[in-house]
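**Q** What follows is the file coords_34.txt, containing compact mmCIF, C-alpha atoms:
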```
# COMPACT_ATOMS: atom_id res chain seq x y z
CA MET A 1 122.28 113.21 126.07
CA PHE A 2 123.96 111.55 123.09
CA ALA A 3 120.70 111.69 121.13
CA LYS A 4 120.51 115.48 121.58
CA GLN A 5 124.09 115.90 120.35
CA LEU A 6 123.45 113.62 117.42
CA TYR A 7 120.30 115.55 116.52
CA ALA A 8 122.16 118.88 116.81
CA ALA A 9 124.91 117.58 114.50
CA PHE A 10 122.34 116.32 112.00
CA GLU A 11 120.51 119.67 112.07
CA TRP A 12 123.77 121.57 111.52
CA TRP A 13 124.53 119.32 108.52
CA ARG A 14 121.01 119.79 107.09
CA VAL A 15 121.28 123.61 107.27
CA ALA A 16 124.77 123.53 105.78
CA CYS A 17 123.49 121.47 102.83
CA CYS A 18 120.54 123.87 102.34
CA ARG A 19 122.94 126.84 102.27
CA LEU A 20 125.23 125.03 99.84
CA ARG A 21 122.28 124.50 97.46
CA VAL A 22 121.72 128.26 97.47
CA TYR A 23 125.22 128.80 96.13
CA LEU A 24 124.75 126.08 93.54
CA TRP A 25 121.56 127.78 92.30
CA ARG A 26 123.40 131.12 92.23
CA LEU A 27 126.10 129.51 90.08
CA ARG A 28 123.36 128.34 87.69
CA GLY A 29 122.31 131.97 87.16
CA GLY A 30 120.11 132.70 90.18
CA THR A 31 121.96 135.86 91.15
CA ARG A 32 118.84 137.32 92.81
CA ILE A 33 118.59 134.42 95.25
CA HIS A 34 119.67 135.83 98.62
CA SER A 35 122.63 134.07 100.20
CA LYS A 36 120.77 133.62 103.52
CA CYS A 37 118.02 131.44 102.00
CA LEU A 38 117.58 127.75 102.73
CA ILE A 39 116.82 125.45 99.79
CA GLY A 40 115.85 121.84 100.48
CA GLY A 41 116.76 118.76 98.52
CA GLY A 42 114.90 117.98 95.33
CA VAL A 43 114.00 121.62 94.62
CA ARG A 44 113.65 122.33 90.89
CA ILE A 45 113.96 125.87 89.54
CA GLU A 46 113.51 126.33 85.82
CA ARG A 47 115.35 129.47 84.59
CA PRO A 48 116.81 130.51 87.98
CA TRP A 49 117.93 133.87 86.53
CA LEU A 50 114.23 134.89 86.49
CA VAL A 51 113.76 134.11 90.21
CA ALA A 52 114.19 136.53 93.13
CA LEU A 53 114.22 135.16 96.68
CA GLY A 54 114.50 137.60 99.59
CA GLN A 55 116.58 137.09 102.69
CA ARG A 56 115.83 134.20 105.04
CA CYS A 57 113.45 132.49 102.58
CA VAL A 58 112.91 128.77 102.94
CA LEU A 59 112.07 126.40 100.09
CA GLN A 60 111.45 122.97 101.57
CA ARG A 61 112.02 119.64 99.80
CA ASP A 62 110.59 118.97 96.33
CA VAL A 63 109.39 122.51 95.52
CA TRP A 64 109.07 123.13 91.79
CA LEU A 65 109.29 126.67 90.41
CA ASN A 66 108.41 126.16 86.74
CA ILE A 67 109.27 129.46 85.06
CA GLY A 68 107.82 129.03 81.58
CA GLY A 69 109.21 131.84 79.45
CA SER A 70 112.02 134.34 79.14
CA GLU A 71 109.73 137.24 80.12
CA ALA A 72 108.29 135.50 83.20
CA ARG A 73 109.33 136.37 86.74
CA PHE A 74 108.91 134.92 90.20
CA GLU A 75 109.54 136.90 93.40
CA LEU A 76 109.32 135.79 97.02
CA GLY A 77 109.80 138.48 99.66
CA ASP A 78 111.93 138.34 102.80
CA TYR A 79 111.13 135.60 105.34
CA GLY A 80 108.90 133.74 102.89
CA PHE A 81 108.27 130.04 103.45
CA VAL A 82 107.32 127.49 100.78
CA GLY A 83 106.39 124.01 102.05
CA ARG A 84 107.14 120.56 100.67
CA GLY A 85 105.82 119.62 97.27
CA VAL A 86 104.57 123.09 96.27
CA GLU A 87 104.33 123.65 92.51
CA ILE A 88 104.27 127.15 91.05
CA GLU A 89 103.79 127.54 87.29
CA VAL A 90 104.80 130.98 85.99
CA SER A 91 104.12 132.26 82.49
CA THR A 92 104.03 136.01 83.22
CA SER A 93 104.43 136.96 86.88
CA VAL A 94 103.93 135.58 90.38
CA VAL A 95 104.90 137.99 93.16
CA ILE A 96 104.64 136.88 96.80
CA GLY A 97 105.17 139.39 99.60
CA SER A 98 107.30 139.27 102.74
CA GLY A 99 106.47 136.86 105.53
CA ALA A 100 104.14 134.76 103.38
CA LEU A 101 103.66 131.14 104.44
CA ILE A 102 102.77 128.59 101.78
CA ALA A 103 101.89 125.18 103.22
CA PRO A 104 102.78 121.84 101.60
CA GLY A 105 101.06 120.73 98.41
CA VAL A 106 99.89 124.16 97.20
CA PHE A 107 99.54 124.63 93.43
CA MET A 108 99.66 128.06 91.74
CA THR A 109 99.45 128.92 88.08
CA ASP A 110 99.22 132.26 86.33
CA HIS A 111 97.99 130.80 83.03
CA ASN A 112 95.32 128.53 81.62
CA HIS A 113 93.99 127.36 78.25
CA SER A 114 91.19 129.13 76.45
CA THR A 115 87.89 127.24 76.24
CA SER A 116 86.34 128.60 73.05
CA ALA A 117 84.37 126.10 70.98
CA GLY A 118 86.08 126.86 67.67
CA ALA A 119 89.12 124.60 68.05
CA PRO A 120 90.17 121.38 69.81
CA MET A 121 91.44 121.83 73.36
CA PHE A 122 95.05 121.01 72.46
CA GLU A 123 95.03 123.90 69.93
CA GLN A 124 93.57 126.47 72.34
CA PRO A 125 95.84 129.45 73.14
CA CYS A 126 97.30 129.94 76.58
CA ILE A 127 95.86 132.92 78.48
CA ALA A 128 98.08 134.36 81.22
CA SER A 129 97.27 136.76 84.04
CA PRO A 130 99.68 137.66 86.88
CA ILE A 131 99.23 136.54 90.49
CA ARG A 132 100.00 138.89 93.37
CA ILE A 133 100.10 137.70 96.97
CA GLY A 134 100.56 140.31 99.70
CA ASP A 135 102.66 140.39 102.86
CA ASP A 136 101.90 138.17 105.87
CA VAL A 137 99.61 135.81 103.92
CA TRP A 138 99.05 132.20 104.98
CA ILE A 139 98.03 129.70 102.29
CA GLY A 140 96.87 126.37 103.73
CA ALA A 141 97.87 122.90 102.56
CA ASN A 142 96.76 121.75 99.11
CA ALA A 143 95.14 125.07 98.18
CA VAL A 144 94.97 126.05 94.50
CA ILE A 145 95.59 129.64 93.34
CA LEU A 146 94.33 130.36 89.81
CA PRO A 147 95.40 133.00 87.24
CA GLY A 148 94.79 136.70 87.82
CA VAL A 149 94.22 136.41 91.56
CA SER A 150 95.32 139.13 93.96
CA ILE A 151 95.45 138.20 97.65
CA GLY A 152 95.58 141.12 100.09
CA ASP A 153 97.98 141.57 102.99
CA GLY A 154 97.29 139.44 106.05
CA ALA A 155 94.79 137.12 104.33
CA VAL A 156 94.39 133.44 105.21
CA ILE A 157 93.52 130.80 102.60
CA ALA A 158 92.06 127.61 104.10
CA ALA A 159 93.49 124.19 103.30
CA GLY A 160 92.09 122.75 100.09
CA ALA A 161 90.55 126.04 98.92
CA VAL A 162 90.41 126.92 95.22
CA VAL A 163 90.98 130.67 94.88
CA SER A 164 89.62 131.99 91.59
CA LYS A 165 88.79 135.59 92.63
CA ASP A 166 90.60 138.38 94.46
CA VAL A 167 90.83 138.13 98.25
CA PRO A 168 90.65 141.36 100.29
CA PRO A 169 93.23 142.13 103.00
CA ARG A 170 92.85 140.24 106.31
CA ALA A 171 90.10 138.01 104.92
CA ILE A 172 89.87 134.32 105.76
CA VAL A 173 88.61 132.36 102.76
CA GLY A 174 87.84 128.71 102.16
CA GLY A 175 85.90 126.31 99.99
CA VAL A 176 85.60 125.38 96.34
CA PRO A 177 85.39 127.98 94.93
CA ALA A 178 86.80 130.02 97.81
CA ARG A 179 84.50 132.50 99.51
CA ILE A 180 84.99 134.85 102.46
CA LEU A 181 84.31 133.10 105.77
CA ARG A 182 85.21 136.03 108.01
CA PHE A 183 87.87 138.69 108.60
CA ARG A 184 90.81 138.54 111.00
CA ASP A 185 90.38 140.67 114.10
CA SER A 186 92.67 143.66 114.45
CA THR A 187 93.29 142.84 118.12
```
Let me see whether you can do it: turn the structure in this file into structure tokens.

**A**
Amino acid sequence: MFAKQLYAAFEWWRVACCRLRVYLWRLRGGTRIHSKCLIGGGVRIERPWLVALGQRCVLQRDVWLNIGGSEARFELGDYGFVGRGVEIEVSTSVVIGSGALIAPGVFMTDHNHSTSAGAPMFEQPCIASPIRIGDDVWIGANAVILPGVSIGDGAVIAAGAVVSKDVPPRAIVGGVPARILRFRDST
């Protein structure tokens, strides 16, 4: 019985700390971070004033939202979940819909270097293209989402998949590069 009470007290303290971090990020300029979010320890948000988090969002431990420029924006809809160790690099725009679940270890970037032969790689320009992820999407652990991808509502991305092309609504994709495996049933 004591163990249950101790666990309940620990859980209350953990949630209180997560809520406190929300207010600290709001003080740092993240005015569009909803007060009912939970933000875990070790979360890094570059330029929090360019981030919008809907109500009841969860950012677990060690998430990194690297917002690269003053024109960039990151949005996560209501009830969104971002697992441990997720890294999201934003140069232009990453918009994630409501109810999206992002498993631990996922990497997303909306930009990449050019690969033309005329100059050394370190001198290549950065090419950016927005990412859009629909509502009710599940992205499995350690998946990679590349620039310019649009993922339709209700889609499922398998663990370890590398998504380089658009994913239609309700599709289940997997592999490297990701391809359609099947579609979710409507029943």

**Q** Within 6 Å of region 57-70 of chain A, counting all atoms listed in the file, which residues show up once you throw out same-chain ones fewer than 6 positions away? Write them as JSON, numbers by chain, please.

**A** {"A": [37, 38, 39, 40, 41, 42, 43, 44, 45, 46, 79, 80, 81, 82, 83, 84, 85, 86, 87, 88, 89, 90, 91]}

**Q** Compile the contact shell of Pro169 (chain A) as a PyMOL selection string: residues with an atom at most 6 Å away, counting all atoms listed in the file, same-chain residues fewer than 6 positions apart removed.

**A** chain A and resi 152-155

**Q** Hey, what's within 9 Å of Phe122 (chain A) if we count only C-alpha atoms and toss same-chain stuff fewer than 3 positions away? As JSON, numbers by chain, please?

**A** {"A": [113, 119, 125]}

**Q** Taking (119.0, 134.6, 93.1) in the coordinates of the supplied file, I want to know which residues reach to within 9 Å of it, counting only C-alpha atoms; could you give the answer as a PyMOL selection string?

**A** chain A and resi 22+25-26+29-35+48-54

**Q** Kindly give the distance, in Å, that separates CA of Leu76 (chain A) and CA of Arg184 (chain A), rounded to a single decimal.

**A**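 Value for the CA of Leu76 (chain A)-CA of Arg184 (chain A) distance: 23.4 Å.
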
**Q** Write out as a ChimeraX atom specification which residues come within 9 Å of Ile131 (chain A) when counting all atoms listed in the file, dropping same-chain ones fewer than 2 positions away.

**A** /A:92-96,108-110,129,133,145-151

**Q** So, with all atoms listed in the file as the atoms that count, which of A:Arg132, A:Thr115, A:Val106, A:Phe183 lies closest to Gly160 (chain A)?

**A**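 Smallest separation from Gly160 (chain A) among the options: A:Val106.
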
**Q** Please indicate the distance in Å from CA of Pro177 (chain A) to CA of Asn112 (chain A), rounded to one decimal place.

**A**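 Going from CA of Pro177 (chain A) over to CA of Asn112 (chain A), I get 16.6 Å.
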
**Q** Grab the CA of Ala171 (chain A) to CA of Gly105 (chain A) distance for me, in Å with one decimal place.

**A**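 CA of Ala171 (chain A) sits 21.5 Å away from CA of Gly105 (chain A).
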